[in-house]
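Trainee: This is the structure I have questions about; it appears just below.
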Amino acid sequence: WMFKNGVGFEGPVNYTIFGNPTSWQFSVAHTFFTGDNLYVDSYFDFAFSFGTRATQSTWDRIRVGATYTVGNNSFNGFQVNFGYTF
């Protein structure tokens with residue numbers, strides 16, 4: 001079994017992109033596995049992103065961010081994220 005739990009925060013930024021309001025987002029998520037013995041059975045994701053906020057009048061949204069992952073047995077990683085909702 002795999003379980004994932006986390007928390008996220010968002011705050012406004014006094015800046016616009018293509019006339020749309022922007023925000024920052026930060027989240028922490030913990031993932032852990034039960035059952036069989038695994039080399040990595042637990043890890044945390046720390047994510048930060050910046051981009052436009054979705055509004056009621058449009059679904060257009062663009063975000064850029066990064067995620068750092070750290071877990072047991074020296075497991076770690078880093079990724080750059082880009083997303084566009086249309």
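As shown in the structure tokens, the chain order sets the letters A, B, ...; within each chain, residues go from 1, and ligands are also counted from 1 in the order they appear.
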Can you list, as an MDAnalysis selection string, every protein, DNA or RNA residue that comes within 12 Å of stretch 66-70 of chain A when you count only C-alpha atoms, leaving out same-chain residues fewer than 5 positions away?
Mentor: chainID A and resid 24:31 40:50 75:83
Trainee: Among chain A, which ones does DSSP assign to strand (DSSP E) (computed from the backbone)? Answer as an NGL selection string.
Mentor: :A and (2-17 or 20-33 or 42-52 or 61-71 or 76-85)
Trainee: Compile the contact shell of A:Tyr39 as a ChimeraX atom specification: residues with an atom at most 12 Å away, counting only C-alpha atoms, same-chain residues fewer than 3 positions apart removed.
Mentor: /A:32-34,36,42-43,71-75
Trainee: Write out the residues from the selection above, keeping N, CA and C atoms, as a PDB file, in the first residue's frame.
Mentor:
ATOM      1  N   PHE A  32       4.627   7.272   1.896  1.00  0.00           N
ATOM      2  CA  PHE A  32       5.243   6.076   2.476  1.00  0.00           C
ATOM      3  C   PHE A  32       4.507   4.830   2.013  1.00  0.00           C
ATOM      4  N   PHE A  33       5.259   3.723   2.000  1.00  0.00           N
ATOM      5  CA  PHE A  33       4.776   2.447   1.499  1.00  0.00           C
ATOM      6  C   PHE A  33       4.768   1.423   2.628  1.00  0.00           C
ATOM      7  N   THR A  34       3.795   0.534   2.613  1.00  0.00           N
ATOM      8  CA  THR A  34       3.731  -0.556   3.579  1.00  0.00           C
ATOM      9  C   THR A  34       3.734  -1.868   2.805  1.00  0.00           C
ATOM     10  N   ASP A  36       5.713  -5.064   1.480  1.00  0.00           N
ATOM     11  CA  ASP A  36       7.034  -5.617   1.198  1.00  0.00           C
ATOM     12  C   ASP A  36       8.142  -4.660   1.628  1.00  0.00           C
ATOM     13  N   SER A  42       9.907   5.594   2.272  1.00  0.00           N
ATOM     14  CA  SER A  42       9.369   6.859   2.758  1.00  0.00           C
ATOM     15  C   SER A  42      10.159   8.011   2.148  1.00  0.00           C
ATOM     16  N   TYR A  43       9.431   9.036   1.683  1.00  0.00           N
ATOM     17  CA  TYR A  43      10.126  10.221   1.181  1.00  0.00           C
ATOM     18  C   TYR A  43       9.229  11.447   1.305  1.00  0.00           C
ATOM     19  N   GLY A  71      14.500  11.206   0.971  1.00  0.00           N
ATOM     20  CA  GLY A  71      13.933  10.025   1.608  1.00  0.00           C
ATOM     21  C   GLY A  71      14.989   9.222   2.341  1.00  0.00           C
ATOM     22  N   ASN A  72      14.567   8.048   2.826  1.00  0.00           N
ATOM     23  CA  ASN A  72      15.511   7.211   3.569  1.00  0.00           C
ATOM     24  C   ASN A  72      16.524   6.582   2.605  1.00  0.00           C
ATOM     25  N   ASN A  73      17.601   6.029   3.169  1.00  0.00           N
ATOM     26  CA  ASN A  73      18.688   5.408   2.400  1.00  0.00           C
ATOM     27  C   ASN A  73      19.321   6.366   1.392  1.00  0.00           C
ATOM     28  N   SER A  74      19.480   7.614   1.777  1.00  0.00           N
ATOM     29  CA  SER A  74      20.141   8.642   0.966  1.00  0.00           C
ATOM     30  C   SER A  74      19.428   8.910  -0.359  1.00  0.00           C
ATOM     31  N   PHE A  75      18.147   8.640  -0.414  1.00  0.00           N
ATOM     32  CA  PHE A  75      17.358   8.920  -1.625  1.00  0.00           C
ATOM     33  C   PHE A  75      17.064  10.405  -1.683  1.00  0.00           C
TER      34      PHE A  75
END
